[in-house]
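Have a look at the structure below, then the notes.
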There are 2 protein chains.
Amino acid sequence: MNSGKIKRKPKPGAQKRAYHHGDLKDQLVAAAEAIILERGVDGFTLREAARRAGVSPAAPAHHFKDARGLLSEVALRGFQDFGDTLEAADRRGGNDPARRLHEQGLAYVNFAMKNPSRFQLMFRQGKFDQDYENFQQVANRSFLTLEGAVRAAYGLPPGAAMTEAANGFLMATWSIVHGFAHLALGGQLDWAAQQRGGKKLILDRFLPLTLRHLPAPVRK
Amino acid sequence: MNSGKIKRKPKPGAQKRAYHHGDLKDQLVAAAEAIILERGVDGFTLREAARRAGVSPAAPAHHFKDARGLLSEVALRGFQDFGDTLEAADRRGGNDPARRLHEQGLAYVNFAMKNPSRFQLMFRQGKFDQDYENFQQVANRSFLTLEGAVRAAYGLPPGAAMTEAANGFLMATWSIVHGFAHLALGGQLDWAAQQRGGKKLILDRFLPLTLRHLPAPVRK
DNA sequence: TCAGTATCTTAACAGTGTCCAGATAAGTTA
DNA sequence: TAACTTATCTGGACACTGTTAAGATACTGA
């Protein structure tokens with residue numbers, strides 16, 4: 001997945017940092033992820049990321065076009081993990097379309113709750129470039145995982161065109177898990193979860209209660 | 001709704017602006033709404049709002065604590081309109097709980113699509129203060145409108161405690177409309193809507209298709 | 001060895017939110 | 001009317017931001 005060419009030993013000891021960093025790109029990504037986790041997506045600044053990586057504010061420009069470029073990389077890697085997570089869940093569902101969808105729904109919300117700032121960044125418009133490298137393709141993988149299970153539910157082979165009913169079903173299923181994730185992250189479910197920190201309650205109790213209402217395919 | 005005391009004629013003609021603006025607070029709010037509509041929520045700057053209102057960058061401080069304060073006011077007014085919209089829709093549903101919920105769902109998404117930046121601001125964490133003036137109370141009104149219809153569906157009088165099943169139903173209903181709104185605004189539904197500008201298609205076609213899957217109360 | 005390239009630093013620029021001291025207008029009291 | 005008080009706004013300043021330009025340093029490969 002990575003470019004794979006490490007030019008220098010990342011940390012050869014307690015030696016004072018060399019002029020050439022050696023692992024700057026990855027450390028900038030790591031710093032960015034840490035920052036948005038601590039301060040929220042809007043709390044990110046390029047200079048702070050550079051500061052944490054121990055380089056000057058101008059250094060990141062050699063690895064990313066600009067601040068949006070760094071966030072684009074974070075979003076891209078987020079969608080890679082997200083896609084992996086959903087595909088694994090889909091496999092856990094076996095051959096039963098309903099179970100496949102249920103597993104994906106669980107995984108969808110769990111990912112959001114365990115990676116709150118990454119998830120919020122991934123679905124935030126304007127913070128990064130949608131056409132960064134192969135972002136579209138990577139992000140589409142998650143969508144196709146969901147579509148695959150919907151196709152199975154409606155008996156539509158991979159080549160066949162999606163029917164309107166199937167599309168409605170897909171949008172409804174996606175909406176319910178996506179909406180739940182957003183409400184949970186936005187604190188809109190805290191009236192039920194006792195104060196803050198009810199993450200566990202939301203995942204263990206509210207989510208199953210909600211997923212009971214996952215759509216069922218419309219036969220007619 | 002407004003403080004109601006207009007100190008000065010807003011625009012007495014082509015006369016050069018007086019030292020005292022006379023209507024600055026409302027015009028700052030209007031400017032802020034225009035800015036986030038044009039440039040997105042993150043495109044807002046306090047200085048630009050001041051510029052559009054024709055005052056110095058320091059002037060807003062006399063009407064709002066800081067930049068977040070101005071955005072808080074925008075969010076507050078947004079929730080007022082949102083609450084009105086949902087209550088009107090609820091009334092259109094008459095006595096049938098299912099119809100009340102369906103009307104609210106339609107109104108929910110329609111509001112989001114017709115006020116995209118306001119809606120995104122309203123549900124964006126960190127951009128404004130949750131405890132600005134009576135924000136909590138105003139925002140809660142929208143929630144209570146939804147809860148009211150859910151109570152009706154489950155035969156729970158206003159005083160009675162919500163059951164777990166009712167809460168699950170509420171969260172599922174809220175999630176599906178909230179998620180649909182977010183997906184639509186985020187452009188995640190554009191694969192089906194031909195390119196950009198498919199707003200009409202989304203509202204007229206996809207939304208009804210999706211709302212067919214609005215949860216039904218779980219009897220057992 | 002030595003040119004070429006990749007990576008990084010320093011310095012600067014314009015734009016941002018916010019604070020301060022002071023100017024001006026409006027309201028209030030006598 | 002006159003004086004005092006309060007509300008509103010300006011101008012200038014400060015620290016912070018993203019980005020660029022010019023130059024320094026280290027690595028690469030012939």
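In the structure tokens, chains take letters A, B, ... by order of appearance, with residues numbered from 1 within each chain and ligands from 1 in the order shown.
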
Chain B fitted onto chain A, all C-alpha pairs in order, as a short mmCIF file (atom, residue, chain, number, x, y, z; two decimals) with C-alpha atoms, in the first residue's frame:
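As written to disk, out-v2.cif reads:
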data_model
loop_
_atom_site.label_atom_id
_atom_site.label_comp_id
_atom_site.auth_asym_id
_atom_site.auth_seq_id
_atom_site.Cartn_x
_atom_site.Cartn_y
_atom_site.Cartn_z
CA MET B 1 -0.05 0.08 0.34
CA ASN B 2 2.81 2.41 1.20
CA SER B 3 5.25 3.60 -1.37
CA GLY B 4 7.56 1.19 0.36
CA LYS B 5 10.84 2.97 -0.05
CA ILE B 6 12.12 4.04 3.32
CA LYS B 7 15.08 6.22 2.73
CA ARG B 8 16.39 6.34 6.23
CA LYS B 9 16.04 4.81 9.64
CA PRO B 10 13.14 6.63 11.29
CA LYS B 11 14.67 6.84 14.76
CA PRO B 12 18.29 5.83 15.05
CA GLY B 13 18.36 6.69 18.74
CA ALA B 14 18.53 9.83 20.80
CA GLN B 15 20.67 11.42 18.13
CA LYS B 16 19.65 14.92 17.16
CA ARG B 17 17.42 14.91 14.11
CA ALA B 18 19.07 14.85 10.74
CA TYR B 19 18.42 17.49 8.16
CA HIS B 20 16.51 14.95 6.14
CA HIS B 21 13.71 13.49 8.14
CA GLY B 22 13.42 10.14 6.41
CA ASP B 23 9.82 9.34 7.33
CA LEU B 24 8.12 12.68 7.14
CA LYS B 25 5.13 11.81 4.99
CA ASP B 26 3.86 9.05 7.24
CA GLN B 27 4.57 11.01 10.38
CA LEU B 28 2.65 13.98 9.06
CA VAL B 29 -0.31 11.72 8.42
CA ALA B 30 -0.01 10.31 11.93
CA ALA B 31 0.24 13.79 13.38
CA ALA B 32 -2.80 14.95 11.42
CA GLU B 33 -4.84 12.02 12.69
CA ALA B 34 -3.77 12.75 16.25
CA ILE B 35 -4.65 16.42 15.91
CA ILE B 36 -8.15 15.91 14.55
CA LEU B 37 -8.75 13.34 17.26
CA GLU B 38 -7.72 15.77 19.97
CA ARG B 39 -9.11 19.00 18.57
CA GLY B 40 -11.70 17.94 16.05
CA VAL B 41 -11.52 18.18 12.27
CA ASP B 42 -11.62 21.97 12.36
CA GLY B 43 -8.83 22.06 14.91
CA PHE B 44 -6.32 20.81 12.38
CA THR B 45 -3.55 23.12 11.26
CA LEU B 46 -0.71 22.29 8.95
CA ARG B 47 1.78 24.13 11.10
CA GLU B 48 0.85 22.09 14.14
CA ALA B 49 1.33 18.88 12.17
CA ALA B 50 4.74 20.12 11.04
CA ARG B 51 5.55 21.09 14.61
CA ARG B 52 4.76 17.60 15.87
CA ALA B 53 6.86 16.04 13.16
CA GLY B 54 9.68 18.37 14.13
CA VAL B 55 10.02 20.18 10.83
CA SER B 56 9.46 23.69 9.53
CA PRO B 57 6.04 24.84 8.30
CA ALA B 58 7.22 24.69 4.71
CA ALA B 59 8.45 21.11 4.82
CA PRO B 60 5.09 19.39 4.22
CA ALA B 61 4.84 21.06 0.84
CA HIS B 62 7.32 18.55 -0.55
CA HIS B 63 5.00 15.66 0.28
CA PHE B 64 1.56 17.21 -0.07
CA LYS B 65 0.33 19.92 -2.38
CA ASP B 66 -1.10 21.86 0.55
CA ALA B 67 -2.98 21.41 3.81
CA ARG B 68 -5.95 19.91 1.97
CA GLY B 69 -3.58 17.43 0.40
CA LEU B 70 -2.55 16.07 3.77
CA LEU B 71 -6.16 15.77 4.89
CA SER B 72 -6.95 14.06 1.60
CA GLU B 73 -4.38 11.41 2.40
CA VAL B 74 -5.90 10.93 5.84
CA ALA B 75 -9.35 10.55 4.31
CA LEU B 76 -8.02 8.15 1.71
CA ARG B 77 -6.45 5.88 4.30
CA GLY B 78 -9.62 6.13 6.33
CA PHE B 79 -11.67 4.80 3.43
CA GLN B 80 -9.21 2.00 2.93
CA ASP B 81 -9.72 0.82 6.51
CA PHE B 82 -13.43 1.46 6.21
CA GLY B 83 -13.64 -0.67 3.07
CA ASP B 84 -11.71 -3.49 4.71
CA THR B 85 -14.00 -3.35 7.72
CA LEU B 86 -17.17 -3.50 5.66
CA GLU B 87 -15.91 -6.31 3.47
CA ALA B 88 -14.98 -8.37 6.50
CA ALA B 89 -18.42 -7.78 7.96
CA ASP B 90 -20.05 -8.72 4.68
CA ARG B 91 -18.18 -12.02 4.69
CA ARG B 92 -19.32 -12.69 8.24
CA GLY B 93 -22.88 -12.53 6.93
CA GLY B 94 -22.40 -15.69 4.89
CA ASN B 95 -25.03 -16.29 2.22
CA ASP B 96 -27.97 -14.61 3.89
CA PRO B 97 -28.48 -11.11 2.42
CA ALA B 98 -30.27 -9.89 5.53
CA ARG B 99 -27.42 -11.05 7.76
CA ARG B 100 -24.85 -9.54 5.43
CA LEU B 101 -26.61 -6.18 5.66
CA HIS B 102 -26.98 -6.43 9.40
CA GLU B 103 -23.31 -7.19 9.87
CA GLN B 104 -22.37 -4.30 7.60
CA GLY B 105 -24.63 -1.98 9.54
CA LEU B 106 -23.03 -2.97 12.81
CA ALA B 107 -19.57 -2.55 11.35
CA TYR B 108 -20.47 0.79 9.79
CA VAL B 109 -21.50 2.39 13.05
CA ASN B 110 -18.76 0.70 15.05
CA PHE B 111 -16.16 2.10 12.71
CA ALA B 112 -17.61 5.57 13.07
CA MET B 113 -17.62 5.38 16.87
CA LYS B 114 -14.10 4.02 17.07
CA ASN B 115 -12.70 6.48 14.55
CA PRO B 116 -14.85 9.54 15.20
CA SER B 117 -12.69 12.27 13.71
CA ARG B 118 -11.54 10.20 10.77
CA PHE B 119 -15.13 9.28 9.99
CA GLN B 120 -16.26 12.89 10.26
CA LEU B 121 -13.44 13.99 7.99
CA MET B 122 -14.23 11.28 5.45
CA PHE B 123 -17.79 12.52 5.03
CA ARG B 124 -17.03 16.21 5.36
CA GLN B 125 -17.22 18.23 2.20
CA GLY B 126 -14.68 20.90 1.45
CA LYS B 127 -11.98 19.72 3.81
CA PHE B 128 -10.14 17.63 1.23
CA ASP B 129 -10.01 17.00 -2.51
CA GLN B 130 -12.41 14.41 -3.83
CA ASP B 131 -10.13 13.77 -6.77
CA TYR B 132 -6.98 13.25 -4.74
CA GLU B 133 -5.07 10.36 -6.29
CA ASN B 134 -7.34 7.30 -6.37
CA PHE B 135 -9.74 8.55 -3.72
CA GLN B 136 -12.88 8.02 -5.79
CA GLN B 137 -11.99 4.42 -6.50
CA VAL B 138 -11.10 3.62 -2.91
CA ALA B 139 -14.20 5.31 -1.50
CA ASN B 140 -16.35 3.52 -4.03
CA ARG B 141 -15.23 0.16 -2.72
CA SER B 142 -17.21 0.72 0.49
CA PHE B 143 -20.29 1.61 -1.50
CA LEU B 144 -19.97 -1.44 -3.71
CA THR B 145 -19.83 -3.70 -0.67
CA LEU B 146 -23.20 -2.41 0.41
CA GLU B 147 -24.58 -2.62 -3.11
CA GLY B 148 -23.45 -6.20 -3.37
CA ALA B 149 -25.56 -7.27 -0.43
CA VAL B 150 -28.53 -5.31 -1.77
CA ARG B 151 -28.16 -7.04 -5.12
CA ALA B 152 -28.21 -10.38 -3.36
CA ALA B 153 -31.37 -9.39 -1.52
CA TYR B 154 -33.07 -8.54 -4.79
CA GLY B 155 -31.59 -11.37 -6.82
CA LEU B 156 -29.75 -9.01 -9.15
CA PRO B 157 -26.54 -10.41 -10.65
CA PRO B 158 -23.48 -8.11 -10.73
CA GLY B 159 -24.04 -7.18 -14.37
CA ALA B 160 -27.72 -6.37 -14.19
CA ALA B 161 -28.99 -2.82 -13.80
CA MET B 162 -30.25 -1.79 -10.38
CA THR B 163 -34.02 -1.48 -10.19
CA GLU B 164 -35.66 1.52 -8.60
CA ALA B 165 -36.91 -0.60 -5.73
CA ALA B 166 -33.42 -1.90 -5.11
CA ASN B 167 -32.02 1.60 -5.18
CA GLY B 168 -34.61 2.77 -2.71
CA PHE B 169 -33.76 -0.13 -0.46
CA LEU B 170 -30.07 0.66 -0.74
CA MET B 171 -30.56 4.32 0.07
CA ALA B 172 -32.80 3.52 3.03
CA THR B 173 -30.31 1.04 4.46
CA TRP B 174 -27.38 3.35 3.93
CA SER B 175 -29.31 6.28 5.35
CA ILE B 176 -30.24 4.57 8.58
CA VAL B 177 -26.72 3.49 9.50
CA HIS B 178 -25.15 6.69 8.23
CA GLY B 179 -27.68 8.79 10.08
CA PHE B 180 -27.26 6.83 13.29
CA ALA B 181 -23.51 7.28 13.11
CA HIS B 182 -23.85 11.02 12.58
CA LEU B 183 -26.38 11.45 15.36
CA ALA B 184 -24.23 9.46 17.76
CA LEU B 185 -21.07 11.39 16.92
CA GLY B 186 -22.91 14.68 17.02
CA GLY B 187 -24.08 14.03 20.56
CA GLN B 188 -27.71 14.00 19.47
CA LEU B 189 -28.27 10.68 21.20
CA ASP B 190 -26.98 11.84 24.56
CA TRP B 191 -30.42 12.49 25.97
CA ALA B 192 -30.78 8.72 26.26
CA ALA B 193 -27.19 7.86 27.03
CA GLN B 194 -26.51 9.13 30.53
CA GLN B 195 -24.42 12.23 29.97
CA ARG B 196 -21.14 11.89 28.14
CA GLY B 197 -19.22 8.64 27.78
CA GLY B 198 -22.30 6.64 26.87
CA LYS B 199 -20.45 5.31 23.83
CA LYS B 200 -20.72 1.78 25.12
CA LEU B 201 -24.41 2.17 25.79
CA ILE B 202 -24.99 3.52 22.31
CA LEU B 203 -23.16 0.66 20.63
CA ASP B 204 -24.36 -2.17 22.86
CA ARG B 205 -27.94 -1.12 23.37
CA PHE B 206 -29.24 1.62 21.09
CA LEU B 207 -27.64 0.37 17.93
CA PRO B 208 -29.22 -3.11 18.05
CA LEU B 209 -32.53 -1.51 19.00
CA THR B 210 -32.24 0.67 15.93
CA LEU B 211 -31.05 -2.03 13.57
CA ARG B 212 -34.23 -3.96 14.31
CA HIS B 213 -35.72 -1.45 11.91
CA LEU B 214 -33.30 -2.07 9.07
CA PRO B 215 -35.41 -2.09 5.91
CA ALA B 216 -36.67 -5.34 4.49
CA PRO B 217 -36.74 -5.77 0.69
CA VAL B 218 -39.99 -4.61 -0.87
CA ARG B 219 -41.37 -7.58 -2.70
CA LYS B 220 -44.03 -6.05 -4.86
#

Once you count only C-alpha atoms (C1' of nucleotides), which residues of chain C turn out to be within 9 Å of chain B? Could you give them as a list in words?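 Filtering chain C at 9 Å from chain B with only C-alpha atoms (C1' of nucleotides) gives DT16, DG17, DT18, DT24, DA25 and DA26 of chain C.
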
Using N, CA and C atoms (P, O5', C5', C4', C3', O3' and C1' of nucleotides), can you export the residues from the last selection as a compact mmCIF listing (two decimals), in the first residue's frame?
# COMPACT_ATOMS: atom_id res chain seq x y z
P DT C 16 -9.61 37.40 5.36
O5' DT C 16 -9.37 36.80 6.82
C5' DT C 16 -9.44 35.38 7.01
C4' DT C 16 -9.03 35.04 8.43
C3' DT C 16 -9.82 35.76 9.51
O3' DT C 16 -10.97 35.02 9.82
C1' DT C 16 -7.46 35.62 10.01
P DG C 17 -12.04 35.71 10.80
O5' DG C 17 -11.38 35.60 12.25
C5' DG C 17 -11.31 34.32 12.88
C4' DG C 17 -10.86 34.48 14.32
C3' DG C 17 -11.81 35.28 15.21
O3' DG C 17 -11.80 34.71 16.52
C1' DG C 17 -9.73 36.40 15.08
P DT C 18 -12.75 35.28 17.65
O5' DT C 18 -11.80 36.34 18.38
C5' DT C 18 -10.57 35.89 18.95
C4' DT C 18 -9.84 37.06 19.56
C3' DT C 18 -10.69 37.99 20.42
O3' DT C 18 -10.05 38.15 21.68
C1' DT C 18 -9.38 39.23 18.90
P DT C 24 -14.50 61.96 16.35
O5' DT C 24 -15.98 61.43 16.46
C5' DT C 24 -16.39 60.37 15.60
C4' DT C 24 -17.67 59.78 16.12
C3' DT C 24 -18.81 60.78 16.31
O3' DT C 24 -19.80 60.46 15.36
C1' DT C 24 -18.69 59.21 18.06
P DA C 25 -21.00 61.45 15.03
O5' DA C 25 -22.23 60.75 15.74
C5' DA C 25 -22.57 59.42 15.34
C4' DA C 25 -23.40 58.78 16.42
C3' DA C 25 -24.71 59.51 16.73
O3' DA C 25 -25.77 58.63 16.42
C1' DA C 25 -23.57 58.84 18.70
P DA C 26 -27.27 59.11 16.42
O5' DA C 26 -27.81 58.47 17.78
C5' DA C 26 -27.47 57.13 18.08
C4' DA C 26 -27.97 56.77 19.47
C3' DA C 26 -29.31 57.39 19.85
O3' DA C 26 -30.12 56.38 20.41
C1' DA C 26 -27.67 57.92 21.46

Pick out the chain D residues within 8 Å of chain B. Count only C-alpha atoms (C1' of nucleotides). Give them as a ChimeraX atom specification. /D:8-10

I'd like the neighbourhood of C:DG4 as an mmCIF file with N, CA and C atoms (P, O5', C5', C4', C3', O3' and C1' of nucleotides), in the first residue's frame, where a residue qualifies if any of its atoms comes within 12 Å (using only C-alpha atoms (C1' of nucleotides)), though same-chain residues fewer than 6 positions away should be ignored.
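Wrote result-v7.cif, looks like this:
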data_model
loop_
_atom_site.group_PDB
_atom_site.id
_atom_site.type_symbol
_atom_site.label_atom_id
_atom_site.label_comp_id
_atom_site.auth_asym_id
_atom_site.auth_seq_id
_atom_site.Cartn_x
_atom_site.Cartn_y
_atom_site.Cartn_z
ATOM 1 P P DC D 27 21.977 11.645 4.395
ATOM 2 O "O5'" DC D 27 21.531 10.977 3.013
ATOM 3 C "C5'" DC D 27 20.142 10.981 2.683
ATOM 4 C "C4'" DC D 27 19.995 10.913 1.187
ATOM 5 C "C3'" DC D 27 20.553 9.646 0.544
ATOM 6 O "O3'" DC D 27 19.474 8.938 -0.029
ATOM 7 C "C1'" DC D 27 21.081 11.592 -0.721
ATOM 8 P P DT D 28 19.808 7.466 -0.692
ATOM 9 O "O5'" DT D 28 20.085 7.853 -2.214
ATOM 10 C "C5'" DT D 28 19.145 8.683 -2.907
ATOM 11 C "C4'" DT D 28 19.451 8.620 -4.394
ATOM 12 C "C3'" DT D 28 20.081 7.308 -4.849
ATOM 13 O "O3'" DT D 28 19.377 6.832 -5.983
ATOM 14 C "C1'" DT D 28 21.459 9.155 -5.476
ATOM 15 P P DG D 29 19.722 5.361 -6.554
ATOM 16 O "O5'" DG D 29 20.524 5.740 -7.875
ATOM 17 C "C5'" DG D 29 20.086 6.850 -8.669
ATOM 18 C "C4'" DG D 29 21.153 7.177 -9.703
ATOM 19 C "C3'" DG D 29 21.840 5.941 -10.308
ATOM 20 O "O3'" DG D 29 22.110 6.218 -11.663
ATOM 21 C "C1'" DG D 29 23.454 7.308 -9.301
ATOM 22 P P DA D 30 22.309 5.005 -12.691
ATOM 23 O "O5'" DA D 30 23.496 5.518 -13.642
ATOM 24 C "C5'" DA D 30 23.305 6.754 -14.328
ATOM 25 C "C4'" DA D 30 24.639 7.450 -14.490
ATOM 26 C "C3'" DA D 30 25.695 6.585 -15.191
ATOM 27 O "O3'" DA D 30 26.114 7.232 -16.393
ATOM 28 C "C1'" DA D 30 26.559 7.549 -13.179
#

Just the number, please: distance in Å from atom C1' of C:DT9 to atom C1' of D:DA13, one decimal.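 Computed distance, atom C1' of C:DT9 to atom C1' of D:DA13, equals 28.4 Å.
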
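Atom C1' of D:DA26 to atom C1' of C:DT10 spans 17.5 Å [interatomic distance, one decimal].
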
To one decimal in Å, tell me the separation between atom C1' of C:DT5 and atom C1' of D:DT20.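 Result for atom C1' of C:DT5 versus atom C1' of D:DT20: 20.2 Å, one decimal.
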
Based on DSSP run over this structure's backbone, return all residues of stretch 114-167 of chain A in alpha helix (DSSP H), as a PyMOL selection string. chain A and resi 114+116-122+135-154+164-167

Let's have the selection written as an mmCIF file, in the first residue's frame, with N, CA and C atoms.
data_model
loop_
_atom_site.group_PDB
_atom_site.id
_atom_site.type_symbol
_atom_site.label_atom_id
_atom_site.label_comp_id
_atom_site.auth_asym_id
_atom_site.auth_seq_id
_atom_site.Cartn_x
_atom_site.Cartn_y
_atom_site.Cartn_z
ATOM 1 N N LYS A 114 -15.470 4.346 16.673
ATOM 2 C CA LYS A 114 -14.094 4.084 17.074
ATOM 3 C C LYS A 114 -13.104 4.988 16.350
ATOM 4 N N PRO A 116 -13.928 8.487 15.351
ATOM 5 C CA PRO A 116 -14.873 9.597 15.184
ATOM 6 C C PRO A 116 -14.380 10.707 14.251
ATOM 7 N N SER A 117 -13.160 11.189 14.487
ATOM 8 C CA SER A 117 -12.726 12.335 13.681
ATOM 9 C C SER A 117 -12.395 11.919 12.260
ATOM 10 N N ARG A 118 -11.827 10.728 12.111
ATOM 11 C CA ARG A 118 -11.558 10.251 10.757
ATOM 12 C C ARG A 118 -12.869 10.112 9.990
ATOM 13 N N PHE A 119 -13.851 9.508 10.625
ATOM 14 C CA PHE A 119 -15.146 9.328 9.970
ATOM 15 C C PHE A 119 -15.757 10.664 9.591
ATOM 16 N N GLN A 120 -15.696 11.617 10.510
ATOM 17 C CA GLN A 120 -16.281 12.931 10.220
ATOM 18 C C GLN A 120 -15.545 13.622 9.093
ATOM 19 N N LEU A 121 -14.233 13.462 9.069
ATOM 20 C CA LEU A 121 -13.466 14.031 7.961
ATOM 21 C C LEU A 121 -13.861 13.377 6.638
ATOM 22 N N MET A 122 -13.958 12.058 6.653
ATOM 23 C CA MET A 122 -14.241 11.306 5.424
ATOM 24 C C MET A 122 -15.534 11.760 4.745
ATOM 25 N N PHE A 135 -8.730 8.464 -4.792
ATOM 26 C CA PHE A 135 -9.727 8.541 -3.724
ATOM 27 C C PHE A 135 -11.079 7.984 -4.163
ATOM 28 N N GLN A 136 -11.545 8.443 -5.310
ATOM 29 C CA GLN A 136 -12.862 8.016 -5.789
ATOM 30 C C GLN A 136 -12.978 6.494 -5.813
ATOM 31 N N GLN A 137 -11.959 5.875 -6.365
ATOM 32 C CA GLN A 137 -11.979 4.421 -6.496
ATOM 33 C C GLN A 137 -11.998 3.740 -5.130
ATOM 34 N N VAL A 138 -11.153 4.235 -4.236
ATOM 35 C CA VAL A 138 -11.076 3.631 -2.904
ATOM 36 C C VAL A 138 -12.387 3.830 -2.146
ATOM 37 N N ALA A 139 -12.926 5.055 -2.210
ATOM 38 C CA ALA A 139 -14.169 5.331 -1.498
ATOM 39 C C ALA A 139 -15.320 4.510 -2.075
ATOM 40 N N ASN A 140 -15.245 4.277 -3.378
ATOM 41 C CA ASN A 140 -16.324 3.532 -4.024
ATOM 42 C C ASN A 140 -16.374 2.078 -3.565
ATOM 43 N N ARG A 141 -15.236 1.569 -3.131
ATOM 44 C CA ARG A 141 -15.199 0.176 -2.705
ATOM 45 C C ARG A 141 -16.179 -0.072 -1.559
ATOM 46 N N SER A 142 -16.262 0.872 -0.628
ATOM 47 C CA SER A 142 -17.188 0.722 0.494
ATOM 48 C C SER A 142 -18.623 0.681 -0.010
ATOM 49 N N PHE A 143 -18.906 1.572 -0.939
ATOM 50 C CA PHE A 143 -20.259 1.632 -1.485
ATOM 51 C C PHE A 143 -20.619 0.322 -2.191
ATOM 52 N N LEU A 144 -19.667 -0.210 -2.936
ATOM 53 C CA LEU A 144 -19.946 -1.428 -3.700
ATOM 54 C C LEU A 144 -20.179 -2.624 -2.787
ATOM 55 N N THR A 145 -19.567 -2.587 -1.614
ATOM 56 C CA THR A 145 -19.789 -3.674 -0.657
ATOM 57 C C THR A 145 -21.244 -3.690 -0.208
ATOM 58 N N LEU A 146 -21.755 -2.494 0.050
ATOM 59 C CA LEU A 146 -23.160 -2.395 0.421
ATOM 60 C C LEU A 146 -24.048 -2.804 -0.746
ATOM 61 N N GLU A 147 -23.722 -2.303 -1.927
ATOM 62 C CA GLU A 147 -24.545 -2.609 -3.093
ATOM 63 C C GLU A 147 -24.581 -4.107 -3.381
ATOM 64 N N GLY A 148 -23.465 -4.753 -3.121
ATOM 65 C CA GLY A 148 -23.401 -6.192 -3.356
ATOM 66 C C GLY A 148 -24.432 -6.951 -2.543
ATOM 67 N N ALA A 149 -24.545 -6.588 -1.284
ATOM 68 C CA ALA A 149 -25.512 -7.268 -0.418
ATOM 69 C C ALA A 149 -26.941 -6.935 -0.836
ATOM 70 N N VAL A 150 -27.156 -5.711 -1.296
ATOM 71 C CA VAL A 150 -28.491 -5.323 -1.766
ATOM 72 C C VAL A 150 -28.852 -6.117 -3.014
ATOM 73 N N ARG A 151 -27.892 -6.252 -3.903
ATOM 74 C CA ARG A 151 -28.122 -7.048 -5.104
ATOM 75 C C ARG A 151 -28.520 -8.472 -4.743
ATOM 76 N N ALA A 152 -27.827 -9.020 -3.771
ATOM 77 C CA ALA A 152 -28.145 -10.379 -3.344
ATOM 78 C C ALA A 152 -29.574 -10.450 -2.816
ATOM 79 N N ALA A 153 -29.963 -9.407 -2.063
ATOM 80 C CA ALA A 153 -31.309 -9.405 -1.493
ATOM 81 C C ALA A 153 -32.375 -9.343 -2.581
ATOM 82 N N TYR A 154 -32.048 -8.710 -3.691
ATOM 83 C CA TYR A 154 -33.027 -8.557 -4.772
ATOM 84 C C TYR A 154 -32.766 -9.515 -5.932
ATOM 85 N N GLU A 164 -35.346 0.370 -9.451
ATOM 86 C CA GLU A 164 -35.669 1.499 -8.574
ATOM 87 C C GLU A 164 -35.912 1.019 -7.149
ATOM 88 N N ALA A 165 -36.601 -0.096 -7.027
ATOM 89 C CA ALA A 165 -36.889 -0.625 -5.692
ATOM 90 C C ALA A 165 -35.592 -0.965 -4.965
ATOM 91 N N ALA A 166 -34.667 -1.564 -5.703
ATOM 92 C CA ALA A 166 -33.393 -1.928 -5.088
ATOM 93 C C ALA A 166 -32.618 -0.680 -4.675
ATOM 94 N N ASN A 167 -32.674 0.335 -5.506
ATOM 95 C CA ASN A 167 -32.002 1.587 -5.159
ATOM 96 C C ASN A 167 -32.625 2.232 -3.920
#
